[in-house]
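The data block below is input.pdb; it holds PDB, C-alpha atoms (C1' of nucleotides).
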MODEL        1
ATOM      1  CA  MET G1192      21.907  12.424 -14.240
ATOM      2  CA  THR G1193      18.769  12.268 -12.282
ATOM      3  CA  THR G1194      16.836  14.615 -14.473
ATOM      4  CA  PRO G1195      17.088  13.869 -18.173
ATOM      5  CA  ALA G1196      16.271  17.365 -19.230
ATOM      6  CA  ALA G1197      13.992  20.268 -18.466
ATOM      7  CA  SER G1198      12.635  19.759 -14.979
ATOM      8  CA  PRO G1199       8.919  20.250 -15.421
ATOM      9  CA  ALA G1200       6.565  22.061 -13.138
ATOM     10  CA  HIS G1201       6.361  19.362 -10.507
ATOM     11  CA  THR G1202       8.247  19.320  -7.262
ATOM     12  CA  ALA G1203      11.112  16.968  -6.649
ATOM     13  CA  TRP G1204      11.074  15.034  -3.400
ATOM     14  CA  HIS G1205      14.076  16.947  -2.182
ATOM     15  CA  ASP G1206      12.105  20.141  -2.376
ATOM     16  CA  THR G1207       9.090  18.608  -0.764
ATOM     17  CA  ASP G1208       8.169  19.644   2.729
ATOM     18  CA  GLU G1209       8.521  17.065   5.472
ATOM     19  CA  ALA G1210       4.865  17.334   6.327
ATOM     20  CA  GLU G1211       3.904  16.764   2.759
ATOM     21  CA  CYS G1212       6.124  13.728   2.580
ATOM     22  CA  ARG G1213       4.304  12.329   5.544
ATOM     23  CA  HIS G1214       0.986  13.000   3.909
ATOM     24  CA  ALA G1215       2.154  11.432   0.704
ATOM     25  CA  SER G1216       3.277   8.386   2.641
ATOM     26  CA  LYS G1217      -0.045   8.057   4.379
ATOM     27  CA  LEU G1218      -1.840   8.497   1.126
ATOM     28  CA  LEU G1219       0.182   5.789  -0.553
ATOM     29  CA  GLU G1220      -0.517   3.493   2.335
ATOM     30  CA  VAL G1221      -4.229   4.039   1.906
ATOM     31  CA  VAL G1222      -4.154   3.733  -1.846
ATOM     32  CA  GLY G1223      -1.817   0.788  -1.610
ATOM     33  CA  GLN G1224      -4.123  -1.169   0.645
ATOM     34  CA  ARG G1225      -5.138  -4.485  -0.751
ATOM     35  CA  TRP G1226      -7.920  -4.046  -3.356
ATOM     36  CA  SER G1227      -7.749  -0.277  -3.253
ATOM     37  CA  PRO G1228      -5.890   0.061  -6.531
ATOM     38  CA  SER G1229      -8.268  -2.297  -8.280
ATOM     39  CA  ILE G1230     -11.261  -0.469  -6.932
ATOM     40  CA  LEU G1231      -9.930   2.938  -7.851
ATOM     41  CA  LEU G1232      -9.048   1.675 -11.281
ATOM     42  CA  ALA G1233     -12.546   0.328 -11.762
ATOM     43  CA  LEU G1234     -14.103   3.585 -10.653
ATOM     44  CA  GLY G1235     -11.706   5.499 -12.839
ATOM     45  CA  ARG G1236     -12.876   3.462 -15.752
ATOM     46  CA  GLY G1237     -16.463   4.295 -15.153
ATOM     47  CA  VAL G1238     -17.699   1.316 -13.192
ATOM     48  CA  GLU G1239     -20.062   2.677 -10.591
ATOM     49  CA  ARG G1240     -22.078  -0.163  -9.148
ATOM     50  CA  PHE G1241     -21.178  -2.179  -6.087
ATOM     51  CA  GLY G1242     -22.045  -5.451  -7.732
ATOM     52  CA  GLU G1243     -20.077  -4.709 -10.859
ATOM     53  CA  ILE G1244     -16.939  -4.026  -8.934
ATOM     54  CA  THR G1245     -17.396  -7.212  -6.976
ATOM     55  CA  ALA G1246     -17.994  -9.189 -10.131
ATOM     56  CA  MET G1247     -15.094  -7.834 -12.108
ATOM     57  CA  THR G1248     -12.577  -8.141  -9.328
ATOM     58  CA  THR G1249     -11.650 -11.748  -8.684
ATOM     59  CA  GLY G1250     -11.317 -12.540  -5.015
ATOM     60  CA  LEU G1251     -12.858  -9.353  -3.755
ATOM     61  CA  SER G1252     -15.564  -9.980  -1.187
ATOM     62  CA  ALA G1253     -18.464  -7.683  -0.417
ATOM     63  CA  ARG G1254     -17.066  -7.166   3.018
ATOM     64  CA  MET G1255     -13.743  -5.898   1.774
ATOM     65  CA  LEU G1256     -15.343  -3.760  -0.872
ATOM     66  CA  THR G1257     -17.538  -2.087   1.701
ATOM     67  CA  LEU G1258     -14.535  -1.548   3.904
ATOM     68  CA  ARG G1259     -12.310  -0.078   1.225
ATOM     69  CA  LEU G1260     -15.093   2.059  -0.125
ATOM     70  CA  LYS G1261     -15.561   3.584   3.302
ATOM     71  CA  GLN G1262     -11.884   4.290   3.640
ATOM     72  CA  LEU G1263     -11.719   5.819   0.212
ATOM     73  CA  GLU G1264     -14.712   7.918   1.088
ATOM     74  CA  ALA G1265     -12.998   9.041   4.256
ATOM     75  CA  ALA G1266      -9.982   9.945   2.176
ATOM     76  CA  GLN G1267     -12.242  12.094   0.041
ATOM     77  CA  LEU G1268     -11.392  10.088  -3.012
ATOM     78  CA  VAL G1269     -14.750   8.480  -3.575
ATOM     79  CA  GLU G1270     -18.304   9.642  -3.123
ATOM     80  CA  ARG G1271     -21.334   7.515  -2.478
ATOM     81  CA  ILE G1272     -24.463   8.561  -4.276
ATOM     82  CA  VAL G1273     -27.843   7.270  -3.227
ATOM     83  CA  ILE G1274     -30.564   7.380  -5.811
ATOM     84  CA  PRO G1275     -34.068   6.859  -4.381
ATOM     85  CA  THR G1276     -35.339   4.395  -6.946
ATOM     86  CA  THR G1277     -37.021   1.120  -6.065
ATOM     87  CA  PRO G1278     -35.085  -0.439  -4.733
ATOM     88  CA  VAL G1279     -32.558   2.185  -3.923
ATOM     89  CA  THR G1280     -29.728   2.502  -6.420
ATOM     90  CA  ILE G1281     -26.277   3.325  -5.251
ATOM     91  CA  ARG G1282     -23.463   4.662  -7.324
ATOM     92  CA  TYR G1283     -19.866   5.181  -6.440
ATOM     93  CA  ARG G1284     -17.819   7.770  -8.209
ATOM     94  CA  LEU G1285     -14.413   9.314  -7.930
ATOM     95  CA  THR G1286     -14.548  12.773  -6.493
ATOM     96  CA  ALA G1287     -12.695  15.552  -8.263
ATOM     97  CA  GLN G1288      -9.973  14.947  -5.759
ATOM     98  CA  GLY G1289      -9.954  11.250  -6.456
ATOM     99  CA  GLN G1290      -9.872  11.873 -10.161
ATOM    100  CA  ASP G1291      -6.955  14.179  -9.677
ATOM    101  CA  LEU G1292      -5.129  11.505  -7.750
ATOM    102  CA  MET G1293      -5.712   8.944 -10.464
ATOM    103  CA  ASP G1294      -4.445  11.526 -12.848
ATOM    104  CA  ALA G1295      -1.298  11.956 -10.835
ATOM    105  CA  LEU G1296      -1.018   8.228 -10.487
ATOM    106  CA  HIS G1297      -1.150   7.309 -14.105
ATOM    107  CA  SER G1298       2.467   8.218 -14.376
ATOM    108  CA  VAL G1299       3.066   4.892 -12.674
ATOM    109  CA  ALA G1300       1.445   3.321 -15.718
ATOM    110  CA  GLY G1301       4.316   4.793 -17.629
ATOM    111  CA  TYR G1302       6.710   3.317 -15.146
ATOM    112  CA  VAL G1303       5.132  -0.092 -15.488
ATOM    113  CA  GLN G1304       5.418   0.090 -19.231
ATOM    114  CA  ARG G1305       9.004   1.173 -19.113
ATOM    115  CA  TRP G1306      10.124  -1.537 -16.764
ATOM    116  CA  LYS G1307       7.726  -4.286 -17.669
ATOM    117  CA  VAL G1308       7.209  -5.144 -14.064
ATOM    118  CA  ASP G1309       6.578  -8.807 -13.601
ATOM    119  CA  GLU G1310       6.575 -11.501 -10.964
ATOM    120  CA  PRO G1311       9.973 -12.420  -9.557
ATOM    121  CA  GLU G1312      10.442 -15.436 -11.796
ATOM    122  CA  THR G1313      12.794 -16.682 -14.483
ATOM    123  CA  GLY G1314      15.308 -13.914 -14.641
ATOM    124  CA  ALA G1315      12.892 -11.062 -14.428
ATOM    125  CA  THR G1316      13.540  -7.842 -16.201
ATOM    126  CA  ALA G1317      16.390  -5.729 -14.975
ATOM    127  CA  LEU G1318      17.490  -3.799 -17.979
ATOM    128  CA  PRO G1319      16.931  -0.088 -18.450
ATOM    129  CA  PRO G1320      14.523   0.767 -21.230
ATOM    130  CA  ALA G1321      16.720   3.178 -23.104
TER     131      ALA G1321
ATOM    132  CA  MET X 776      -5.011  -0.872 -30.537
ATOM    133  CA  THR X 777      -3.138  -1.679 -27.465
ATOM    134  CA  THR X 778      -0.135   0.170 -28.765
ATOM    135  CA  PRO X 779      -1.073   3.823 -29.061
ATOM    136  CA  ALA X 780       2.301   4.419 -30.639
ATOM    137  CA  ALA X 781       4.535   6.703 -28.715
ATOM    138  CA  SER X 782       2.120   8.131 -26.210
ATOM    139  CA  PRO X 783       3.428  11.549 -25.347
ATOM    140  CA  ALA X 784       3.853  12.120 -21.672
ATOM    141  CA  HIS X 785       1.724   9.452 -20.083
ATOM    142  CA  THR X 786      -1.038   7.015 -20.730
ATOM    143  CA  ALA X 787      -4.522   7.519 -19.418
ATOM    144  CA  TRP X 788      -5.937   4.644 -17.401
ATOM    145  CA  HIS X 789      -8.601   4.019 -19.991
ATOM    146  CA  ASP X 790      -5.941   3.344 -22.540
ATOM    147  CA  THR X 791      -3.932   1.233 -20.178
ATOM    148  CA  ASP X 792      -3.763  -2.457 -20.809
ATOM    149  CA  GLU X 793      -5.479  -4.701 -18.295
ATOM    150  CA  ALA X 794      -2.259  -6.499 -17.547
ATOM    151  CA  GLU X 795      -0.511  -3.245 -16.865
ATOM    152  CA  CYS X 796      -3.287  -2.149 -14.586
ATOM    153  CA  ARG X 797      -2.766  -5.312 -12.628
ATOM    154  CA  HIS X 798       0.923  -4.670 -12.426
ATOM    155  CA  ALA X 799       0.358  -1.120 -11.370
ATOM    156  CA  SER X 800      -1.985  -2.350  -8.669
ATOM    157  CA  LYS X 801       0.539  -4.838  -7.383
ATOM    158  CA  LEU X 802       3.209  -2.210  -7.438
ATOM    159  CA  LEU X 803       1.120   0.216  -5.453
ATOM    160  CA  GLU X 804       0.406  -2.501  -2.933
ATOM    161  CA  VAL X 805       4.110  -3.077  -2.467
ATOM    162  CA  VAL X 806       4.980   0.581  -2.336
ATOM    163  CA  GLY X 807       1.994   1.255  -0.127
ATOM    164  CA  GLN X 808       3.063  -1.294   2.485
ATOM    165  CA  ARG X 809       3.520   0.185   5.889
ATOM    166  CA  TRP X 810       6.874   2.040   6.105
ATOM    167  CA  SER X 811       7.662   1.530   2.449
ATOM    168  CA  PRO X 812       6.853   5.080   1.436
ATOM    169  CA  SER X 813       8.898   6.498   4.280
ATOM    170  CA  ILE X 814      11.833   4.293   3.423
ATOM    171  CA  LEU X 815      11.717   5.087  -0.246
ATOM    172  CA  LEU X 816      11.422   8.747   0.537
ATOM    173  CA  ALA X 817      14.461   8.568   2.768
ATOM    174  CA  LEU X 818      16.471   6.754   0.137
ATOM    175  CA  GLY X 819      15.288   9.190  -2.470
ATOM    176  CA  ARG X 820      16.602  11.984  -0.333
ATOM    177  CA  GLY X 821      20.016  10.459  -0.114
ATOM    178  CA  VAL X 822      19.879   8.670   3.193
ATOM    179  CA  GLU X 823      21.765   5.446   2.689
ATOM    180  CA  ARG X 824      22.538   3.946   6.051
ATOM    181  CA  PHE X 825      20.385   1.468   7.903
ATOM    182  CA  GLY X 826      20.777   3.269  11.192
ATOM    183  CA  GLU X 827      19.923   6.626   9.739
ATOM    184  CA  ILE X 828      16.696   5.396   8.295
ATOM    185  CA  THR X 829      15.801   3.793  11.595
ATOM    186  CA  ALA X 830      16.631   6.960  13.474
ATOM    187  CA  MET X 831      14.770   9.355  11.236
ATOM    188  CA  THR X 832      11.659   7.267  10.981
ATOM    189  CA  THR X 833       9.710   7.297  14.203
ATOM    190  CA  GLY X 834       8.262   3.950  15.081
ATOM    191  CA  LEU X 835      10.194   1.972  12.530
ATOM    192  CA  SER X 836      11.875  -1.065  14.040
ATOM    193  CA  ALA X 837      14.983  -2.744  12.711
ATOM    194  CA  ARG X 838      12.963  -5.814  11.987
ATOM    195  CA  MET X 839      10.544  -3.992   9.764
ATOM    196  CA  LEU X 840      13.255  -2.064   8.032
ATOM    197  CA  THR X 841      15.101  -5.259   7.191
ATOM    198  CA  LEU X 842      11.906  -6.770   5.929
ATOM    199  CA  ARG X 843      10.870  -3.864   3.755
ATOM    200  CA  LEU X 844      14.349  -3.441   2.426
ATOM    201  CA  LYS X 845      14.315  -7.031   1.262
ATOM    202  CA  GLN X 846      10.977  -6.606  -0.426
ATOM    203  CA  LEU X 847      12.090  -3.443  -2.117
ATOM    204  CA  GLU X 848      15.209  -5.217  -3.256
ATOM    205  CA  ALA X 849      13.099  -8.025  -4.627
ATOM    206  CA  ALA X 850      11.029  -5.425  -6.446
ATOM    207  CA  GLN X 851      14.240  -4.125  -7.993
ATOM    208  CA  LEU X 852      13.715  -0.753  -6.460
ATOM    209  CA  VAL X 853      16.576  -0.800  -4.005
ATOM    210  CA  GLU X 854      20.065  -2.190  -4.105
ATOM    211  CA  ARG X 855      22.163  -3.251  -1.162
ATOM    212  CA  ILE X 856      25.798  -2.362  -1.349
ATOM    213  CA  VAL X 857      28.305  -3.986   0.931
ATOM    214  CA  ILE X 858      31.537  -2.144   1.500
ATOM    215  CA  PRO X 859      34.254  -4.258   3.124
ATOM    216  CA  THR X 860      35.410  -1.776   5.723
ATOM    217  CA  THR X 861      35.851  -2.624   9.384
ATOM    218  CA  PRO X 862      33.307  -3.299  10.380
ATOM    219  CA  VAL X 863      31.478  -3.809   7.149
ATOM    220  CA  THR X 864      29.599  -0.776   5.883
ATOM    221  CA  ILE X 865      26.321  -1.216   4.143
ATOM    222  CA  ARG X 866      24.615   1.279   1.937
ATOM    223  CA  TYR X 867      21.188   1.176   0.445
ATOM    224  CA  ARG X 868      20.413   3.042  -2.698
ATOM    225  CA  LEU X 869      17.574   3.393  -5.111
ATOM    226  CA  THR X 870      18.219   1.554  -8.334
ATOM    227  CA  ALA X 871      17.658   3.370 -11.600
ATOM    228  CA  GLN X 872      14.307   1.659 -11.646
ATOM    229  CA  GLY X 873      13.543   2.781  -8.134
ATOM    230  CA  GLN X 874      14.593   6.292  -8.943
ATOM    231  CA  ASP X 875      12.334   6.260 -11.930
ATOM    232  CA  LEU X 876       9.459   5.150  -9.767
ATOM    233  CA  MET X 877      10.062   7.916  -7.282
ATOM    234  CA  ASP X 878      10.187  10.227 -10.223
ATOM    235  CA  ALA X 879       6.838   9.013 -11.408
ATOM    236  CA  LEU X 880       5.538   9.179  -7.890
ATOM    237  CA  HIS X 881       6.418  12.727  -7.123
ATOM    238  CA  SER X 882       3.353  13.784  -8.996
ATOM    239  CA  VAL X 883       1.521  12.696  -5.881
ATOM    240  CA  ALA X 884       3.485  15.370  -4.073
ATOM    241  CA  GLY X 885       1.734  17.779  -6.346
ATOM    242  CA  TYR X 886      -1.559  16.173  -5.469
ATOM    243  CA  VAL X 887      -0.846  16.506  -1.780
ATOM    244  CA  GLN X 888      -0.011  20.146  -2.214
ATOM    245  CA  ARG X 889      -3.099  20.828  -4.234
ATOM    246  CA  TRP X 890      -5.468  19.190  -1.802
ATOM    247  CA  LYS X 891      -3.658  19.823   1.431
ATOM    248  CA  VAL X 892      -4.471  16.393   2.673
ATOM    249  CA  ASP X 893      -4.704  16.367   6.428
ATOM    250  CA  GLU X 894      -6.003  14.348   9.299
ATOM    251  CA  PRO X 895      -9.776  14.355   9.788
ATOM    252  CA  GLU X 896      -9.799  17.188  12.280
ATOM    253  CA  THR X 897     -11.510  20.531  12.794
ATOM    254  CA  GLY X 898     -13.316  20.904   9.539
ATOM    255  CA  ALA X 899     -10.721  19.349   7.305
ATOM    256  CA  THR X 900     -10.161  20.535   3.814
ATOM    257  CA  ALA X 901     -12.634  19.648   1.180
ATOM    258  CA  LEU X 902     -12.514  22.517  -1.213
ATOM    259  CA  PRO X 903     -11.067  22.341  -4.711
ATOM    260  CA  PRO X 904      -7.852  24.313  -5.219
ATOM    261  CA  ALA X 905      -9.105  26.511  -8.001
TER     262      ALA X 905
ATOM    263  C1'  DC T 590      26.198  -1.064  13.227
ATOM    264  C1'  DT T 591      23.409  -4.501  10.807
ATOM    265  C1'  DG T 592      20.150  -7.763  10.984
ATOM    266  C1'  DG T 593      18.571 -12.708  12.196
ATOM    267  C1'  DA T 594      15.354 -15.387  15.491
ATOM    268  C1'  DT T 595      11.479 -15.686  18.834
ATOM    269  C1'  DC T 596       7.460 -14.586  21.283
ATOM    270  C1'  DC T 597       3.123 -12.819  21.168
ATOM    271  C1'  DC T 598      -0.574  -9.794  20.390
ATOM    272  C1'  DT T 599      -3.554  -7.533  17.322
ATOM    273  C1'  DA T 600      -5.450  -6.019  13.004
ATOM    274  C1'  DT T 601      -6.868  -7.846   8.935
ATOM    275  C1'  DC T 602      -8.979 -10.781   5.880
ATOM    276  C1'  DG T 603     -12.081 -14.640   3.974
ATOM    277  C1'  DA T 604     -16.181 -17.291   4.329
ATOM    278  C1'  DT T 605     -20.664 -17.661   5.741
ATOM    279  C1'  DA T 606     -25.119 -16.207   7.178
ATOM    280  C1'  DC T 607     -28.467 -12.669   7.626
ATOM    281  C1'  DT T 608     -31.131  -7.978   6.766
ATOM    282  C1'  DG T 609     -33.144  -3.625   4.364
TER     283       DG T 609
ATOM    284  C1'  DC L1332     -28.930  -5.488  -5.047
ATOM    285  C1'  DA L1333     -26.213  -3.491  -1.206
ATOM    286  C1'  DG L1334     -24.767  -4.049   2.566
ATOM    287  C1'  DT L1335     -23.946  -5.706   7.990
ATOM    288  C1'  DA L1336     -22.601  -9.161  11.719
ATOM    289  C1'  DT L1337     -19.983 -12.817  13.431
ATOM    290  C1'  DC L1338     -16.271 -16.139  13.609
ATOM    291  C1'  DG L1339     -12.081 -18.312  12.838
ATOM    292  C1'  DA L1340      -7.559 -18.410  10.557
ATOM    293  C1'  DT L1341      -3.402 -15.960   9.545
ATOM    294  C1'  DA L1342      -0.143 -12.772   8.758
ATOM    295  C1'  DG L1343       1.646  -8.321  10.042
ATOM    296  C1'  DG L1344       4.148  -5.916  13.146
ATOM    297  C1'  DG L1345       6.314  -4.531  17.872
ATOM    298  C1'  DA L1346       9.539  -5.805  21.623
ATOM    299  C1'  DT L1347      13.367  -8.188  23.006
ATOM    300  C1'  DC L1348      17.453 -10.854  22.810
ATOM    301  C1'  DC L1349      21.284 -12.460  20.248
ATOM    302  C1'  DA L1350      25.000 -12.724  16.547
ATOM    303  C1'  DG L1351      28.264 -11.443  12.555
TER     304       DG L1351
ENDMDL
END
Could you render the structure from this file as structure tokens?
Amino acid sequence: MTTPAASPAHTAWHDTDEAECRHASKLLEVVGQRWSPSILLALGRGVERFGEITAMTTGLSARMLTLRLKQLEAAQLVERIVIPTTPVTIRYRLTAQGQDLMDALHSVAGYVQRWKVDEPETGATALPPA
Amino acid sequence: MTTPAASPAHTAWHDTDEAECRHASKLLEVVGQRWSPSILLALGRGVERFGEITAMTTGLSARMLTLRLKQLEAAQLVERIVIPTTPVTIRYRLTAQGQDLMDALHSVAGYVQRWKVDEPETGATALPPA
DNA sequence: CTGGATCCCTATCGATACTG
DNA sequence: CAGTATCGATAGGGATCCAG
């Protein structure tokens, strides 16, 4: 019942090593930090400039952006590129690793579509898709 | 254009609706909360009792577990089942929705494997898999 | 065993002001 | 434009005690 049909190439959680579960947990906690998803999404969509991210993300302050960017850099998900123009231009991009993560993560987009996740209001949605 | 008509496996982020991106972000922020991944993992592996989760998760207090469990219930990911034994037995289980999310999320297990994410120590890993 | 209620400390976050 | 520094408010989270 759990698997509809044809288990693909990916590993089920049951078969996942304890250590890897821990790493996955930590990773989710980093990625799940406030603003992180928005920032990663922006980068994934090609936005590369500090100011653009700030502008397009309502409520995000420069301070937080700097902070998150550093963390995401530390997590090897984002790289900071300094271009010696005048004044200096700085671009942020997903690393290959970061891109891969976004790739893995877009299956949650499918989840969101399937379950039409919404705010806990009215009666919410609680019916299986099919 | 928003409806790409029966996207095969999954939708790329570029093709993902803004609203859905927002929902995905919110979802990740909930799932990424401290302890949430560990709890979901435990539930996904079949652990159902409050005490068991507490015991197997180092550092997790009863308070936090109660809290997260409530949030996850509110997010429709977990259901609380009360069995009128003596004393009352309580089981927590992933809902179909929650199971589906874990399903979607196990692609991050693949990511973790591919990149061997580890603590920033020694020289760390920073090389592409292939 | 499950989980509510407090106390309290700390990390986090937002706003503002300032620099290269 | 791309950050850093500081401050004050708050919420998150741990420890402990208590209750159904």
Could you please tell me, as an MDAnalysis selection string, which residues of chain G have an atom within 7 Å of chain X when using only C-alpha atoms?
chainID G and resid 1201:1205 1211 1214:1216 1219:1220 1222:1225 1228:1229 1236 1292 1295:1303 1308
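When chain G is least-squares superimposed on chain X using all C-alpha positions, the deviation that remains is 4.1 Å RMSD.
The space between atom CA of X:Arg866 and atom CA of X:Glu823 spans 5.1 Å.
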Translate the PyMOL selection byres ((chain X) within 10 of (chain T)), as applied to the file shown, into an explicit residue set as an MDAnalysis selection string.
chainID X and resid 824:826 837:838 840:842 862:865
Check every residue of chain L for an atom within 10 Å of chain X, counting all atoms listed in the file, and provide those that qualify as an MDAnalysis selection string.
chainID L and resid 1343:1346 1351
Take stretch 844-861 of chain X, bring it up to N, CA and C atoms, and give me the output as an mmCIF file, in the frame of the given file.
data_model
loop_
_atom_site.group_PDB
_atom_site.id
_atom_site.type_symbol
_atom_site.label_atom_id
_atom_site.label_comp_id
_atom_site.auth_asym_id
_atom_site.auth_seq_id
_atom_site.Cartn_x
_atom_site.Cartn_y
_atom_site.Cartn_z
ATOM 1 N N LEU X 844 13.190 -3.586 3.289
ATOM 2 C CA LEU X 844 14.349 -3.441 2.426
ATOM 3 C C LEU X 844 14.475 -4.656 1.514
ATOM 4 N N LYS X 845 14.236 -5.814 2.070
ATOM 5 C CA LYS X 845 14.315 -7.031 1.262
ATOM 6 C C LYS X 845 13.260 -7.034 0.168
ATOM 7 N N GLN X 846 12.052 -6.640 0.550
ATOM 8 C CA GLN X 846 10.977 -6.606 -0.426
ATOM 9 C C GLN X 846 11.279 -5.613 -1.542
ATOM 10 N N LEU X 847 11.792 -4.479 -1.131
ATOM 11 C CA LEU X 847 12.090 -3.443 -2.117
ATOM 12 C C LEU X 847 13.250 -3.878 -3.009
ATOM 13 N N GLU X 848 14.143 -4.656 -2.446
ATOM 14 C CA GLU X 848 15.209 -5.217 -3.256
ATOM 15 C C GLU X 848 14.629 -6.190 -4.261
ATOM 16 N N ALA X 849 13.733 -7.037 -3.761
ATOM 17 C CA ALA X 849 13.099 -8.025 -4.627
ATOM 18 C C ALA X 849 12.320 -7.342 -5.745
ATOM 19 N N ALA X 850 11.798 -6.168 -5.446
ATOM 20 C CA ALA X 850 11.029 -5.425 -6.446
ATOM 21 C C ALA X 850 11.948 -4.617 -7.352
ATOM 22 N N GLN X 851 13.233 -4.795 -7.168
ATOM 23 C CA GLN X 851 14.240 -4.125 -7.993
ATOM 24 C C GLN X 851 14.275 -2.623 -7.805
ATOM 25 N N LEU X 852 13.757 -2.190 -6.676
ATOM 26 C CA LEU X 852 13.715 -0.753 -6.460
ATOM 27 C C LEU X 852 14.919 -0.269 -5.667
ATOM 28 N N VAL X 853 15.477 -1.169 -4.891
ATOM 29 C CA VAL X 853 16.576 -0.800 -4.005
ATOM 30 C C VAL X 853 17.724 -1.784 -4.177
ATOM 31 N N GLU X 854 18.922 -1.276 -4.075
ATOM 32 C CA GLU X 854 20.065 -2.190 -4.105
ATOM 33 C C GLU X 854 20.860 -2.051 -2.815
ATOM 34 N N ARG X 855 21.403 -3.178 -2.407
ATOM 35 C CA ARG X 855 22.163 -3.251 -1.162
ATOM 36 C C ARG X 855 23.636 -3.345 -1.528
ATOM 37 N N ILE X 856 24.387 -2.412 -1.008
ATOM 38 C CA ILE X 856 25.798 -2.362 -1.349
ATOM 39 C C ILE X 856 26.644 -2.617 -0.117
ATOM 40 N N VAL X 857 27.458 -3.626 -0.194
ATOM 41 C CA VAL X 857 28.305 -3.986 0.931
ATOM 42 C C VAL X 857 29.725 -3.488 0.701
ATOM 43 N N ILE X 858 30.182 -2.671 1.614
ATOM 44 C CA ILE X 858 31.537 -2.144 1.500
ATOM 45 C C ILE X 858 32.404 -2.782 2.578
ATOM 46 N N PRO X 859 33.435 -3.495 2.181
ATOM 47 C CA PRO X 859 34.254 -4.258 3.124
ATOM 48 C C PRO X 859 35.188 -3.391 3.959
ATOM 49 N N THR X 860 34.608 -2.544 4.779
ATOM 50 C CA THR X 860 35.410 -1.776 5.723
ATOM 51 C C THR X 860 35.429 -2.551 7.030
ATOM 52 N N THR X 861 35.869 -1.938 8.090
ATOM 53 C CA THR X 861 35.851 -2.624 9.384
ATOM 54 C C THR X 861 35.200 -1.736 10.432
#
